[in-house]
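The structure under discussion appears below in the form of structure tokens.
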Amino acid sequence: MVERKIAWELLNRDDIEKFVKGYINFIGSAKTEREVIEFLISEAKTYGFVDIDNVEKLKPGDKVYKVFKNKTAIFAVVGSEKINKGLRLIAAHADAPRLDPKIVPLTEDKDSQIALLNMGFYGGIIPYQWVNIPLELRGIVATKEGIKKIKIKNLIITDLLPHLSRKKFEERKASDTVKGEELKVLLANIPSKEKEKKSWKKTVLDILFKEYGIKEEDFISADIEIVPALDPIEVGVDKSMIAAYGQDDRVCVYTAFKALLDNRDEKNTKVLWIVDKEEIGSETNTSAQSEFFKYFVAKLLEKKEAYTELNLRETLINTRAISADVGSVVNPNFKGVIYDLNNAARLGSGLILEKYLNAAGKGGENEAHAEFVAWIRKILDESNVPWQPALLVSKAERIGGGGTISRYMARMGMDVIDMGVGLLGMHSPFEIASKADIYSAYIGYRVFYEAKT
Ligand code: MN
Ligand code: MN
């Protein structure tokens with residue numbers, strides 16, 4: 001019989017709270033992929049990790065990393081076993097859905113007397129969720145003179161008042177309640193004078209130049225993001241949940257990272273791969289489809305044993321891997337979208353283990369082999385890790401299916417399974433996770449890194 005576990009009953013509350021404290025600090029401060037990588041590298045250094053290029057010869061126990069383009073990184077703890085016997089790999093993504101300014105984003109609306117920032121999307125967002133909440137702009141602007149870090153707090157996108165909304169509601173589909181092109185960020189209301197004409201945009205440009213040395217054309221070469229300016233909160237009278245922006249997939253990034261730092265295994269070569277661009281299809285040279293991972297494994301081989309094409313291929317094909325990404329859980333307000341509760345995950349029942357993702361014909365996705373799933377079940381159960389089997393089961397099945405990076409990992413030959421934390425309100429500005437599930441992920445990932453067979 002498949003009995004649903006209650007993670008809260010299997011874990012110690014003090015252990016959970018101690019762990020989650022560090023997580024809240026991370027998730028509240030690292031809000032872009034660059035900031036996630038920066039946070040991880042600086043923490044890894046305090047644990048003795050060094051850039052792999054600064055190591056001549058690798059020996060068991062060595063801790064190394066490599067960063068690429070400041071948006072993706074790989075961390076490894078070298079084991080005693082030969083590399084081509086396979087790695088223990090966990091991969092998670094550092095990017096999160098958000099609003100990205102367009103490349104020529106500054107405008108002004110003379111009728112409303114306001115300067116605005118024109119937005120596009122990054123990943124699957126629901127536009128109406130991004131109005132009337134505090135936002136901030138973070139990122140870098142690469143000018144011809146150099147890189148300028150930029151952080152502007154206290155921004156907002158305004159919504160229409162109910163008194164004037166009736167016609168809009170009658171005419172529009174729910175998905176168009178707020179349209180993408182209506183997501184314009186308020187920037188300034190004080191006009192400056194330019195050749196006898198009032199200009200609100202000029203006010204913005206003057207401030208940007210004075211404070212950051214940025215000119216209008218510099219937005220063409222910028223990596224800037226509009227993210228929620230919401231600090232994480234503990235949710236519920238029992239403080240059992242955490243609401244925060246970007247938990248997809250930074251909750252898996254953090255738990256896997258801590259599992260790597262705290263592991264006590266000496267045999268396996270354990271690797272954590274933080275990827276970028278998952279939310280937009282894993283293209284770009286920092287994504288899970290890039291060559292960066294193989295490049296890093298080649299370096300591991302060269303510096304520990306010997307790099308040959310065959311050694312590299314053997315390493316990949318013998319690797320056991322987890323695609324650590326978040327899953328969906330039963331939402332009490334919208335139970336109607338799920339037709340099969342037996343196969344749906346619950347908040348507070350531990351790590352979600354997904355043999356495959358999509359209930360509808362398994363199309364286009366990875367499927368873990370039965371033998372590998374059995375091994376995962378065995379190691380989790382032996383260490384009493386709370387976990388639950390689930391699929392993404394919705395009535396609109398194909399719409400419900402979200403992809404992860406497991407298929408790109410599987411292509412390299414490795415055994416890989418999707419395993420991660422369940423979220424309510426995924427992709428919203430304030431995603432919700434259970435503290436017990438977060439801690440379950442940490443111990444589950446740690447068990448995977450440490451398992452002997
Ligand atoms: Mn994800
Ligand atoms: Mn996502």
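So you can find residues: chains in the structure tokens are A, B, ... in the order shown, residues in each start at 1, and ligands are numbered from 1 in order.
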request  = Find the residues near ligand 1. Use a cut-off of 8 Å, count only C-alpha atoms and all ligand atoms, and write them as JSON, numbers by chain.
outcome  = {"A": [92, 93, 96, 248, 249, 278, 279, 325, 326, 327, 404]}
Next, dump the selected residues to file, keeping only all heavy atoms, as a CSV table (one decimal), in the first residue's frame.
chain,number,residue,atom,x,y,z
A,92,ALA,N,20.3,21.8,-10.5
A,92,ALA,CA,19.2,22.7,-10.2
A,92,ALA,C,19.4,24.0,-11.0
A,92,ALA,O,20.5,24.3,-11.3
A,92,ALA,CB,19.1,22.9,-8.7
A,93,HIS,N,18.3,24.8,-11.1
A,93,HIS,CA,18.4,26.0,-11.9
A,93,HIS,C,18.3,27.2,-11.0
A,93,HIS,O,17.5,27.3,-10.1
A,93,HIS,CB,17.5,26.1,-13.1
A,93,HIS,CG,16.0,26.1,-12.8
A,93,HIS,ND1,15.3,27.3,-12.7
A,93,HIS,CD2,15.1,25.2,-12.6
A,93,HIS,CE1,14.0,27.1,-12.4
A,93,HIS,NE2,13.9,25.8,-12.4
A,96,ALA,N,14.8,32.4,-12.4
A,96,ALA,CA,13.4,32.3,-12.0
A,96,ALA,C,12.5,33.2,-12.8
A,96,ALA,O,13.0,34.2,-13.4
A,96,ALA,CB,13.3,32.7,-10.5
A,248,ASP,N,11.2,28.5,-6.9
A,248,ASP,CA,11.4,27.7,-8.1
A,248,ASP,C,12.6,28.3,-8.8
A,248,ASP,O,12.5,29.3,-9.4
A,248,ASP,CB,10.2,27.7,-9.0
A,248,ASP,CG,10.4,27.0,-10.3
A,248,ASP,OD1,11.5,26.4,-10.5
A,248,ASP,OD2,9.5,27.1,-11.2
A,249,ASP,N,13.8,27.8,-8.7
A,249,ASP,CA,14.2,26.5,-8.2
A,249,ASP,C,15.2,26.7,-7.1
A,249,ASP,O,16.0,25.8,-6.9
A,249,ASP,CB,14.6,25.7,-9.4
A,249,ASP,CG,15.0,24.3,-9.0
A,249,ASP,OD1,14.4,23.7,-8.1
A,249,ASP,OD2,15.9,23.7,-9.6
A,278,GLU,N,16.7,27.7,-17.5
A,278,GLU,CA,15.7,26.6,-17.5
A,278,GLU,C,14.3,27.1,-17.9
A,278,GLU,O,13.6,26.4,-18.6
A,278,GLU,CB,15.7,25.9,-16.1
A,278,GLU,CG,15.0,24.6,-16.1
A,278,GLU,CD,13.4,24.7,-15.9
A,278,GLU,OE1,13.0,25.8,-15.5
A,278,GLU,OE2,12.7,23.8,-16.3
A,279,GLU,N,14.0,28.3,-17.3
A,279,GLU,CA,12.6,28.8,-17.5
A,279,GLU,C,12.3,29.2,-18.9
A,279,GLU,O,11.1,29.4,-19.2
A,279,GLU,CB,12.3,29.9,-16.5
A,279,GLU,CG,12.4,29.6,-15.0
A,279,GLU,CD,11.3,28.7,-14.6
A,279,GLU,OE1,10.4,28.4,-15.4
A,279,GLU,OE2,11.3,28.3,-13.4
A,325,ASP,N,14.3,19.9,-9.1
A,325,ASP,CA,13.4,21.0,-9.5
A,325,ASP,C,12.1,20.9,-8.7
A,325,ASP,O,11.7,19.8,-8.3
A,325,ASP,CB,13.1,21.0,-11.0
A,325,ASP,CG,12.8,22.4,-11.5
A,325,ASP,OD1,12.5,23.3,-10.7
A,325,ASP,OD2,12.9,22.6,-12.7
A,326,VAL,N,11.4,22.0,-8.6
A,326,VAL,CA,10.2,22.0,-7.8
A,326,VAL,C,9.0,21.3,-8.5
A,326,VAL,O,9.0,21.2,-9.7
A,326,VAL,CB,9.8,23.4,-7.4
A,326,VAL,CG1,10.9,24.0,-6.5
A,326,VAL,CG2,9.6,24.3,-8.6
A,327,GLY,N,8.1,20.8,-7.7
A,327,GLY,CA,6.8,20.2,-8.2
A,327,GLY,C,5.6,21.0,-7.7
A,327,GLY,O,5.7,21.9,-6.8
A,404,THR,N,11.4,19.9,-17.3
A,404,THR,CA,12.6,20.2,-16.5
A,404,THR,C,13.8,19.8,-17.3
A,404,THR,O,13.7,19.5,-18.5
A,404,THR,CB,12.6,19.3,-15.2
A,404,THR,OG1,12.9,18.0,-15.5
A,404,THR,CG2,11.3,19.4,-14.4
Taking only C-alpha atoms into account, produce a table as JSON lines in which each residue of region 104-197 of chain A with an atom at most 7 Å from an atom of region 202-213 of chain A appears once, together with its shortest atom pair and the distance in Å to one decimal, ordered by chain and rising number.
{"residue": "A:Lys148", "atom": "CA", "partner": "A:Tyr212", "partner_atom": "CA", "distance": 6.6}
{"residue": "A:Leu187", "atom": "CA", "partner": "A:Val204", "partner_atom": "CA", "distance": 6.9}
{"residue": "A:Ala188", "atom": "CA", "partner": "A:Val204", "partner_atom": "CA", "distance": 6.5}
{"residue": "A:Ile190", "atom": "CA", "partner": "A:Thr203", "partner_atom": "CA", "distance": 7.0}
{"residue": "A:Pro191", "atom": "CA", "partner": "A:Thr203", "partner_atom": "CA", "distance": 6.2}
{"residue": "A:Ser192", "atom": "CA", "partner": "A:Thr203", "partner_atom": "CA", "distance": 5.5}
Restricted to C-alpha atoms, what would the selected residues look like written as a PDB file, in the first residue's frame?
ATOM      1  CA  LYS A 148      27.710  49.065 -13.449  1.00  0.00           C
ATOM      2  CA  LEU A 187       9.620  55.610 -12.759  1.00  0.00           C
ATOM      3  CA  ALA A 188       9.085  59.364 -12.295  1.00  0.00           C
ATOM      4  CA  ILE A 190       8.637  65.255 -11.684  1.00  0.00           C
ATOM      5  CA  PRO A 191       9.210  66.759 -15.149  1.00  0.00           C
ATOM      6  CA  SER A 192      12.521  68.264 -16.171  1.00  0.00           C
TER       7      SER A 192
END
Within 10 Å of region 331-335 of chain A using only C-alpha atoms, minus same-chain residues under 4 positions, as a JSON list (two decimals) with all heavy atoms, in the first residue's frame:
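After the write, out14.json holds the following:
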[["chain", "number", "residue", "atom", "x", "y", "z"],
["A", 339, "TYR", "N", -7.60, 15.74, -11.33],
["A", 339, "TYR", "CA", -8.61, 14.68, -11.43],
["A", 339, "TYR", "C", -8.18, 13.41, -10.71],
["A", 339, "TYR", "O", -8.96, 12.52, -10.52],
["A", 339, "TYR", "CB", -8.91, 14.37, -12.90],
["A", 339, "TYR", "CG", -7.76, 13.71, -13.62],
["A", 339, "TYR", "CD1", -7.64, 12.32, -13.63],
["A", 339, "TYR", "CD2", -6.80, 14.47, -14.28],
["A", 339, "TYR", "CE1", -6.58, 11.72, -14.26],
["A", 339, "TYR", "CE2", -5.74, 13.87, -14.90],
["A", 339, "TYR", "CZ", -5.63, 12.49, -14.90],
["A", 339, "TYR", "OH", -4.57, 11.89, -15.52],
["A", 341, "LEU", "N", -6.21, 12.48, -7.41],
["A", 341, "LEU", "CA", -5.52, 12.86, -6.18],
["A", 341, "LEU", "C", -4.48, 11.83, -5.73],
["A", 341, "LEU", "O", -3.53, 12.16, -5.04],
["A", 341, "LEU", "CB", -6.53, 13.11, -5.05],
["A", 341, "LEU", "CG", -7.28, 14.46, -5.14],
["A", 341, "LEU", "CD1", -8.47, 14.49, -4.21],
["A", 341, "LEU", "CD2", -6.34, 15.62, -4.84],
["A", 345, "ALA", "N", 0.94, 15.42, -5.52],
["A", 345, "ALA", "CA", 1.76, 15.62, -4.32],
["A", 345, "ALA", "C", 1.05, 16.54, -3.32],
["A", 345, "ALA", "O", 0.15, 17.30, -3.68],
["A", 345, "ALA", "CB", 3.10, 16.21, -4.71],
["A", 346, "ARG", "N", 1.45, 16.42, -2.05],
["A", 346, "ARG", "CA", 0.89, 17.26, -0.98],
["A", 346, "ARG", "C", 1.97, 18.10, -0.34],
["A", 346, "ARG", "O", 3.13, 17.66, -0.23],
["A", 346, "ARG", "CB", 0.27, 16.39, 0.12],
["A", 346, "ARG", "CG", -0.71, 15.34, -0.34],
["A", 346, "ARG", "CD", -1.96, 15.97, -0.94],
["A", 346, "ARG", "NE", -3.11, 15.06, -0.92],
["A", 346, "ARG", "CZ", -3.32, 14.11, -1.82],
["A", 346, "ARG", "NH1", -2.50, 13.93, -2.84],
["A", 346, "ARG", "NH2", -4.40, 13.33, -1.71],
["A", 347, "LEU", "N", 1.59, 19.28, 0.13],
["A", 347, "LEU", "CA", 2.49, 20.10, 0.92],
["A", 347, "LEU", "C", 2.73, 19.38, 2.25],
["A", 347, "LEU", "O", 1.78, 18.93, 2.89],
["A", 347, "LEU", "CB", 1.83, 21.47, 1.18],
["A", 347, "LEU", "CG", 2.76, 22.59, 1.62],
["A", 347, "LEU", "CD1", 3.62, 23.07, 0.45],
["A", 347, "LEU", "CD2", 1.96, 23.77, 2.16],
["A", 394, "SER", "N", -3.21, 17.19, -14.14],
["A", 394, "SER", "CA", -4.25, 18.21, -14.23],
["A", 394, "SER", "C", -5.22, 17.81, -15.32],
["A", 394, "SER", "O", -4.90, 17.00, -16.18],
["A", 394, "SER", "CB", -3.64, 19.56, -14.55],
["A", 394, "SER", "OG", -3.15, 19.56, -15.86],
["A", 423, "LEU", "N", 5.66, 23.15, -4.33],
["A", 423, "LEU", "CA", 5.31, 24.56, -4.08],
["A", 423, "LEU", "C", 3.84, 24.81, -4.35],
["A", 423, "LEU", "O", 3.24, 24.21, -5.24],
["A", 423, "LEU", "CB", 6.11, 25.48, -5.01],
["A", 423, "LEU", "CG", 7.62, 25.56, -4.91],
["A", 423, "LEU", "CD1", 8.13, 26.60, -5.90],
["A", 423, "LEU", "CD2", 8.06, 25.91, -3.50],
["A", 424, "LEU", "N", 3.28, 25.73, -3.59],
["A", 424, "LEU", "CA", 1.98, 26.32, -3.90],
["A", 424, "LEU", "C", 2.27, 27.65, -4.61],
["A", 424, "LEU", "O", 3.19, 28.37, -4.22],
["A", 424, "LEU", "CB", 1.18, 26.61, -2.63],
["A", 424, "LEU", "CG", 0.51, 25.42, -1.93],
["A", 424, "LEU", "CD1", 0.01, 25.86, -0.55],
["A", 424, "LEU", "CD2", -0.63, 24.87, -2.76],
["A", 425, "GLY", "N", 1.44, 27.97, -5.60],
["A", 425, "GLY", "CA", 1.60, 29.27, -6.28],
["A", 425, "GLY", "C", 2.92, 29.38, -7.03],
["A", 425, "GLY", "O", 3.52, 30.47, -7.08]]
Pick out each residue of region 38-281 of chain A that DSSP on the backbone tags as strand (DSSP E); I need them as a short mmCIF file (atom, residue, chain, number, x, y, z; two decimals) with N, CA and C atoms, in the first residue's frame.
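Listed below is the output, selection-v6.cif:
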data_model
loop_
_atom_site.label_atom_id
_atom_site.label_comp_id
_atom_site.auth_asym_id
_atom_site.auth_seq_id
_atom_site.Cartn_x
_atom_site.Cartn_y
_atom_site.Cartn_z
N VAL A 50 38.03 25.64 -4.09
CA VAL A 50 38.89 26.52 -4.89
C VAL A 50 38.57 26.33 -6.38
N ASP A 51 38.88 27.33 -7.16
CA ASP A 51 38.71 27.27 -8.61
C ASP A 51 39.53 26.10 -9.15
N LYS A 63 38.04 19.96 -2.94
CA LYS A 63 36.77 20.64 -3.26
C LYS A 63 37.04 21.72 -4.29
N VAL A 64 36.38 21.60 -5.43
CA VAL A 64 36.65 22.55 -6.52
C VAL A 64 35.36 23.07 -7.13
N TYR A 65 35.49 24.20 -7.85
CA TYR A 65 34.33 24.75 -8.56
C TYR A 65 34.79 25.43 -9.84
N LYS A 66 33.84 25.70 -10.71
CA LYS A 66 34.11 26.52 -11.88
C LYS A 66 32.87 27.35 -12.16
N VAL A 67 33.06 28.64 -12.37
CA VAL A 67 31.95 29.55 -12.72
C VAL A 67 32.07 29.89 -14.19
N PHE A 68 30.94 30.06 -14.85
CA PHE A 68 30.96 30.45 -16.26
C PHE A 68 29.97 31.59 -16.48
N THR A 72 26.28 30.44 -14.25
CA THR A 72 26.21 29.01 -14.04
C THR A 72 27.49 28.60 -13.32
N ALA A 73 27.41 27.54 -12.51
CA ALA A 73 28.59 27.08 -11.79
C ALA A 73 28.48 25.59 -11.52
N ILE A 74 29.64 24.94 -11.40
CA ILE A 74 29.67 23.53 -11.01
C ILE A 74 30.60 23.40 -9.80
N PHE A 75 30.12 22.67 -8.81
CA PHE A 75 30.90 22.41 -7.60
C PHE A 75 31.15 20.90 -7.53
N ALA A 76 32.36 20.50 -7.10
CA ALA A 76 32.63 19.07 -6.98
C ALA A 76 33.46 18.78 -5.74
N VAL A 77 33.12 17.67 -5.08
CA VAL A 77 33.95 17.13 -4.00
C VAL A 77 34.49 15.80 -4.51
N ARG A 88 28.14 11.30 -8.76
CA ARG A 88 26.83 11.54 -8.14
C ARG A 88 26.52 13.00 -8.42
N LEU A 89 25.56 13.21 -9.29
CA LEU A 89 25.30 14.57 -9.78
C LEU A 89 23.90 15.06 -9.38
N ILE A 90 23.84 16.27 -8.86
CA ILE A 90 22.54 16.95 -8.69
C ILE A 90 22.59 18.24 -9.50
N ALA A 91 21.53 18.51 -10.25
CA ALA A 91 21.46 19.74 -11.04
C ALA A 91 20.19 20.50 -10.68
N ALA A 92 20.32 21.81 -10.54
CA ALA A 92 19.17 22.67 -10.23
C ALA A 92 19.36 23.99 -10.95
N HIS A 93 18.27 24.75 -11.14
CA HIS A 93 18.42 26.00 -11.90
C HIS A 93 18.31 27.24 -11.02
N ARG A 98 10.22 36.15 -14.12
CA ARG A 98 10.30 37.57 -13.70
C ARG A 98 9.92 38.45 -14.86
N LEU A 99 10.08 39.76 -14.67
CA LEU A 99 9.90 40.71 -15.76
C LEU A 99 11.29 41.23 -16.16
N ASP A 100 11.57 41.22 -17.43
CA ASP A 100 12.82 41.80 -17.93
C ASP A 100 12.49 43.06 -18.75
N PRO A 101 13.17 44.18 -18.47
CA PRO A 101 12.94 45.36 -19.31
C PRO A 101 13.32 45.07 -20.75
N LYS A 102 12.61 45.71 -21.69
CA LYS A 102 12.99 45.57 -23.10
C LYS A 102 14.32 46.28 -23.33
N ILE A 103 14.92 46.09 -24.51
CA ILE A 103 16.26 46.67 -24.69
C ILE A 103 16.20 48.19 -24.92
N VAL A 104 15.06 48.71 -25.40
CA VAL A 104 14.86 50.16 -25.42
C VAL A 104 13.63 50.41 -24.53
N PRO A 105 13.81 50.44 -23.22
CA PRO A 105 12.65 50.35 -22.32
C PRO A 105 12.09 51.68 -21.81
N LEU A 106 12.86 52.76 -21.92
CA LEU A 106 12.41 54.01 -21.28
C LEU A 106 11.42 54.76 -22.15
N THR A 107 10.26 55.08 -21.55
CA THR A 107 9.27 55.89 -22.26
C THR A 107 8.65 56.87 -21.29
N GLU A 108 7.85 57.78 -21.83
CA GLU A 108 7.05 58.64 -20.95
C GLU A 108 5.67 58.75 -21.53
N ASP A 109 4.69 58.90 -20.65
CA ASP A 109 3.32 59.09 -21.10
C ASP A 109 2.89 60.49 -20.69
N ILE A 114 3.86 60.69 -16.53
CA ILE A 114 4.66 59.70 -15.81
C ILE A 114 5.69 59.08 -16.77
N ALA A 115 6.92 58.90 -16.25
CA ALA A 115 7.94 58.15 -17.00
C ALA A 115 7.81 56.68 -16.65
N LEU A 116 8.01 55.82 -17.66
CA LEU A 116 7.72 54.39 -17.49
C LEU A 116 8.85 53.52 -18.02
N LEU A 117 8.90 52.30 -17.49
CA LEU A 117 9.83 51.29 -17.99
C LEU A 117 8.99 50.20 -18.67
N ASN A 118 9.24 49.98 -19.95
CA ASN A 118 8.49 48.99 -20.73
C ASN A 118 9.05 47.59 -20.50
N MET A 119 8.17 46.68 -20.14
CA MET A 119 8.65 45.37 -19.72
C MET A 119 8.32 44.27 -20.72
N GLY A 120 9.17 43.24 -20.72
CA GLY A 120 8.86 41.96 -21.34
C GLY A 120 8.86 40.93 -20.23
N PHE A 121 8.65 39.67 -20.60
CA PHE A 121 8.66 38.61 -19.58
C PHE A 121 9.93 37.81 -19.66
N TYR A 122 10.21 37.09 -18.58
CA TYR A 122 11.18 36.00 -18.61
C TYR A 122 10.47 34.79 -18.03
N LEU A 135 8.18 46.20 -6.14
CA LEU A 135 9.13 45.56 -7.06
C LEU A 135 10.49 46.26 -6.94
N GLU A 136 11.51 45.60 -7.42
CA GLU A 136 12.81 46.25 -7.50
C GLU A 136 13.54 45.82 -8.75
N LEU A 137 14.46 46.68 -9.18
CA LEU A 137 15.25 46.38 -10.37
C LEU A 137 16.65 45.99 -9.93
N ARG A 138 17.11 44.85 -10.41
CA ARG A 138 18.45 44.39 -10.05
C ARG A 138 19.19 43.88 -11.27
N GLY A 139 20.49 44.02 -11.27
CA GLY A 139 21.28 43.44 -12.35
C GLY A 139 22.51 44.25 -12.66
N ILE A 140 23.01 44.07 -13.89
CA ILE A 140 24.18 44.83 -14.30
C ILE A 140 23.92 45.50 -15.65
N VAL A 141 24.51 46.68 -15.81
CA VAL A 141 24.48 47.35 -17.09
C VAL A 141 25.93 47.41 -17.58
N ALA A 142 26.18 46.82 -18.74
CA ALA A 142 27.54 46.83 -19.30
C ALA A 142 27.66 48.04 -20.21
N THR A 143 28.31 49.09 -19.72
CA THR A 143 28.50 50.29 -20.54
C THR A 143 29.83 50.17 -21.26
N GLY A 146 32.50 50.29 -18.69
CA GLY A 146 32.65 49.21 -17.72
C GLY A 146 31.30 48.75 -17.17
N ILE A 147 31.38 47.80 -16.22
CA ILE A 147 30.17 47.18 -15.67
C ILE A 147 29.63 48.01 -14.51
N LYS A 148 28.35 48.35 -14.57
CA LYS A 148 27.71 49.06 -13.45
C LYS A 148 26.67 48.14 -12.82
N LYS A 149 26.84 47.90 -11.52
CA LYS A 149 25.83 47.14 -10.79
C LYS A 149 24.68 48.08 -10.46
N ILE A 150 23.47 47.59 -10.63
CA ILE A 150 22.33 48.49 -10.42
C ILE A 150 21.29 47.82 -9.53
N LYS A 151 20.76 48.60 -8.59
CA LYS A 151 19.73 48.12 -7.68
C LYS A 151 18.80 49.30 -7.38
N ILE A 152 17.59 49.25 -7.86
CA ILE A 152 16.64 50.34 -7.61
C ILE A 152 15.43 49.77 -6.89
N LYS A 153 15.23 50.26 -5.68
CA LYS A 153 14.11 49.74 -4.88
C LYS A 153 12.86 50.57 -5.11
N ASN A 154 11.77 50.15 -4.50
CA ASN A 154 10.53 50.92 -4.46
C ASN A 154 9.94 51.23 -5.83
N LEU A 155 9.75 50.20 -6.61
CA LEU A 155 9.08 50.36 -7.90
C LEU A 155 7.74 49.64 -7.83
N LYS A 184 3.80 48.23 -17.15
CA LYS A 184 4.80 49.29 -17.26
C LYS A 184 5.10 49.79 -15.86
N VAL A 185 6.38 49.84 -15.56
CA VAL A 185 6.81 50.21 -14.20
C VAL A 185 6.86 51.73 -14.07
N LEU A 186 6.30 52.26 -12.96
CA LEU A 186 6.32 53.70 -12.72
C LEU A 186 7.73 54.15 -12.34
N LEU A 187 8.24 55.17 -13.04
CA LEU A 187 9.62 55.61 -12.76
C LEU A 187 9.73 57.04 -12.24
N ALA A 188 8.92 57.97 -12.74
CA ALA A 188 9.08 59.36 -12.30
C ALA A 188 7.85 60.20 -12.61
N SER A 192 11.38 67.36 -16.05
CA SER A 192 12.52 68.26 -16.17
C SER A 192 12.36 69.01 -17.49
N LYS A 193 13.00 70.15 -17.58
CA LYS A 193 12.80 70.97 -18.79
C LYS A 193 13.86 70.64 -19.82
N GLU A 194 13.42 70.34 -21.04
CA GLU A 194 14.36 70.12 -22.12
C GLU A 194 13.90 70.95 -23.31
N LYS A 197 10.52 72.19 -23.42
CA LYS A 197 9.47 71.16 -23.30
C LYS A 197 9.67 70.36 -22.02
N LYS A 198 8.57 70.00 -21.39
CA LYS A 198 8.66 69.18 -20.19
C LYS A 198 8.97 67.73 -20.58
N SER A 199 9.87 67.10 -19.83
CA SER A 199 10.18 65.70 -20.11
C SER A 199 10.32 64.91 -18.82
N ALA A 222 22.44 45.23 -21.22
CA ALA A 222 22.20 45.09 -19.78
C ALA A 222 21.58 43.74 -19.47
N ASP A 223 21.90 43.20 -18.30
CA ASP A 223 21.18 42.05 -17.76
C ASP A 223 20.47 42.55 -16.51
N ILE A 224 19.30 43.13 -16.69
CA ILE A 224 18.56 43.66 -15.54
C ILE A 224 17.18 43.02 -15.46
N GLU A 225 16.72 42.87 -14.24
CA GLU A 225 15.47 42.15 -14.00
C GLU A 225 14.62 42.92 -13.01
N ILE A 226 13.31 42.86 -13.21
CA ILE A 226 12.39 43.38 -12.21
C ILE A 226 11.91 42.18 -11.40
N VAL A 227 12.20 42.23 -10.10
CA VAL A 227 11.81 41.12 -9.21
C VAL A 227 10.99 41.68 -8.05
N PRO A 228 10.21 40.83 -7.38
CA PRO A 228 9.43 41.32 -6.24
C PRO A 228 10.34 41.83 -5.12
N ILE A 233 8.53 35.49 4.27
CA ILE A 233 7.79 35.46 5.54
C ILE A 233 7.48 34.02 5.93
N GLU A 234 7.33 33.81 7.24
CA GLU A 234 6.89 32.52 7.75
C GLU A 234 5.38 32.55 7.79
N VAL A 235 4.76 31.57 7.15
CA VAL A 235 3.32 31.60 6.92
C VAL A 235 2.58 30.65 7.87
N MET A 241 5.17 27.22 7.02
CA MET A 241 5.45 27.43 5.60
C MET A 241 6.29 28.70 5.40
N ILE A 242 6.92 28.77 4.23
CA ILE A 242 7.68 29.97 3.88
C ILE A 242 7.16 30.49 2.55
N ALA A 243 6.85 31.78 2.53
CA ALA A 243 6.50 32.43 1.27
C ALA A 243 7.69 33.28 0.86
N ALA A 244 8.11 33.13 -0.38
CA ALA A 244 9.25 33.91 -0.88
C ALA A 244 9.24 33.89 -2.40
N LYS A 270 31.22 13.80 -5.94
CA LYS A 270 29.89 14.40 -5.84
C LYS A 270 29.90 15.76 -6.54
N VAL A 271 28.92 15.98 -7.39
CA VAL A 271 28.91 17.19 -8.22
C VAL A 271 27.56 17.89 -8.11
N LEU A 272 27.62 19.22 -8.01
CA LEU A 272 26.41 20.04 -8.05
C LEU A 272 26.54 20.99 -9.23
N TRP A 273 25.54 20.95 -10.10
CA TRP A 273 25.56 21.76 -11.33
C TRP A 273 24.39 22.75 -11.25
N ILE A 274 24.73 24.03 -11.16
CA ILE A 274 23.71 25.08 -11.12
C ILE A 274 23.58 25.67 -12.52
N VAL A 275 22.41 25.50 -13.12
CA VAL A 275 22.23 25.95 -14.50
C VAL A 275 21.34 27.20 -14.57
#
request  = Go ahead and compute the interatomic distance for CA of Arg13 (chain A) and CA of Ser434 (chain A), in Å to one decimal.
outcome  = 12.2 Å
ask   = Between A:Glu196, A:Glu81, A:Asp14, A:Glu38, which has the minimum distance to Lys267 (chain A) (counting only C-alpha atoms)?
value = A:Glu81
inquiry  = Restricting the calculation to only C-alpha atoms and all ligand atoms: of A:Lys239, A:His427, A:Lys59, A:Arg313, which residue gets closest to ligand 2?
reply    = A:His427
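Each of A:Tyr245, A:Trp375, A:Tyr356, A:Tyr445 was compared to ligand 2 using only C-alpha atoms and all ligand atoms, and A:Tyr245 turns out to be the nearest.
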